[in-house]
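**Q** Have a look at the structure that comes next, please.
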Amino acid sequence: MMKLPKLTAVIEPGEDGWYVASCPELGIVSQGETPEHAEEMIKEAVELWLECADESEVRRRLDERKVAIKELEVTHA
């Protein structure tokens, strides 16, 4: 199996009171009733997807979805 880079979980409130969790590097989305539950669910979704995905598909998604996490320093008037 290929060595994966560090993956990211983005967790944010959804419109229905649940939390939406996504892994932007692989384009996988899940949800949960709490932030912690959403984190558990996205981890499970990524693991299940990786079990079934062809290595070429994993590489394609990682190559197409280059993600950079940066802190923004902004000024305002």
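Each chain in the structure tokens gets a letter, A, B and so on, in the order shown; residues start at 1 in every chain, and ligands are counted from 1 in the order they appear.
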From chain A, collect each residue whose DSSP state is strand (DSSP E) and return the set as a PyMOL selection string.

**A** chain A and resi 10-13+19-23+28-32

**Q** Neighbouring residues of range 55-69 of chain A were defined as those with any atom within 10 Å, considering only C-alpha atoms; residues of the same chain fewer than 6 positions away were excluded. Please report them as a list in words.

**A**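 The filter keeps Met1, Met2, Leu4, Pro5, Leu7, Thr8, Pro24, Glu25, Leu26, Gly27 and Trp49 of chain A.
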
**Q** For the atom pair CA of Pro13 in chain A and CA of Ala38 in chain A, what is the interatomic distance in Å to one decimal place?

**A**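 Calculated distance between CA of Pro13 in chain A and CA of Ala38 in chain A is 9.9 Å.
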
**Q** Got a sec to tell me which of chain A DSSP assigns to alpha helix (DSSP H), as a PDB file with C-alpha atoms, in the first residue's frame?

**A**
```pdb
ATOM      1  CA  PRO A  35     -18.047  17.712  16.170  1.00  0.00           C
ATOM      2  CA  GLU A  36     -16.509  14.628  17.775  1.00  0.00           C
ATOM      3  CA  HIS A  37     -18.993  12.305  16.088  1.00  0.00           C
ATOM      4  CA  ALA A  38     -18.374  14.017  12.740  1.00  0.00           C
ATOM      5  CA  GLU A  39     -14.624  13.470  13.218  1.00  0.00           C
ATOM      6  CA  GLU A  40     -15.183   9.771  13.951  1.00  0.00           C
ATOM      7  CA  MET A  41     -17.438   9.439  10.904  1.00  0.00           C
ATOM      8  CA  ILE A  42     -15.033  11.116   8.452  1.00  0.00           C
ATOM      9  CA  LYS A  43     -12.199   8.957   9.725  1.00  0.00           C
ATOM     10  CA  GLU A  44     -14.313   5.845   9.189  1.00  0.00           C
ATOM     11  CA  ALA A  45     -15.439   7.038   5.742  1.00  0.00           C
ATOM     12  CA  VAL A  46     -11.837   7.676   4.637  1.00  0.00           C
ATOM     13  CA  GLU A  47     -10.656   4.310   5.980  1.00  0.00           C
ATOM     14  CA  LEU A  48     -13.487   2.438   4.243  1.00  0.00           C
ATOM     15  CA  TRP A  49     -12.881   4.293   0.979  1.00  0.00           C
ATOM     16  CA  LEU A  50      -9.148   3.532   1.132  1.00  0.00           C
ATOM     17  CA  GLU A  51      -9.886  -0.176   1.664  1.00  0.00           C
ATOM     18  CA  CYS A  52     -11.811  -0.292  -1.623  1.00  0.00           C
ATOM     19  CA  GLU A  55      -4.181   2.942  -5.798  1.00  0.00           C
ATOM     20  CA  SER A  56      -4.346   4.871  -9.076  1.00  0.00           C
ATOM     21  CA  GLU A  57      -7.590   6.553  -7.933  1.00  0.00           C
ATOM     22  CA  VAL A  58      -6.000   7.508  -4.606  1.00  0.00           C
ATOM     23  CA  ARG A  59      -3.016   9.030  -6.447  1.00  0.00           C
ATOM     24  CA  ARG A  60      -5.306  10.847  -8.900  1.00  0.00           C
ATOM     25  CA  ARG A  61      -7.329  12.458  -6.131  1.00  0.00           C
ATOM     26  CA  LEU A  62      -4.242  13.436  -4.153  1.00  0.00           C
ATOM     27  CA  ASP A  63      -2.665  14.963  -7.273  1.00  0.00           C
ATOM     28  CA  GLU A  64      -5.812  16.854  -8.313  1.00  0.00           C
TER      29      GLU A  64
END
```

**Q** Compile the contact shell of Ala9 in chain A as a list in words: residues with an atom at most 7 Å away, counting only C-alpha atoms, same-chain residues fewer than 6 positions apart removed.

**A**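 With the cut-off at 7 Å, the set is Ala21, Ser22 and Cys23 of chain A.
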
**Q** Got a sec: who's within 7 Å of Val20 in chain A, counting only C-alpha atoms, leaving out chain neighbours fewer than 5 positions off, as a list in words?

**A**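 So, after excluding close chain neighbours, the residues are Ile11, Glu12, Pro13, Gly14, Ser30, Gln31, Gly32 and Ala38 of chain A.
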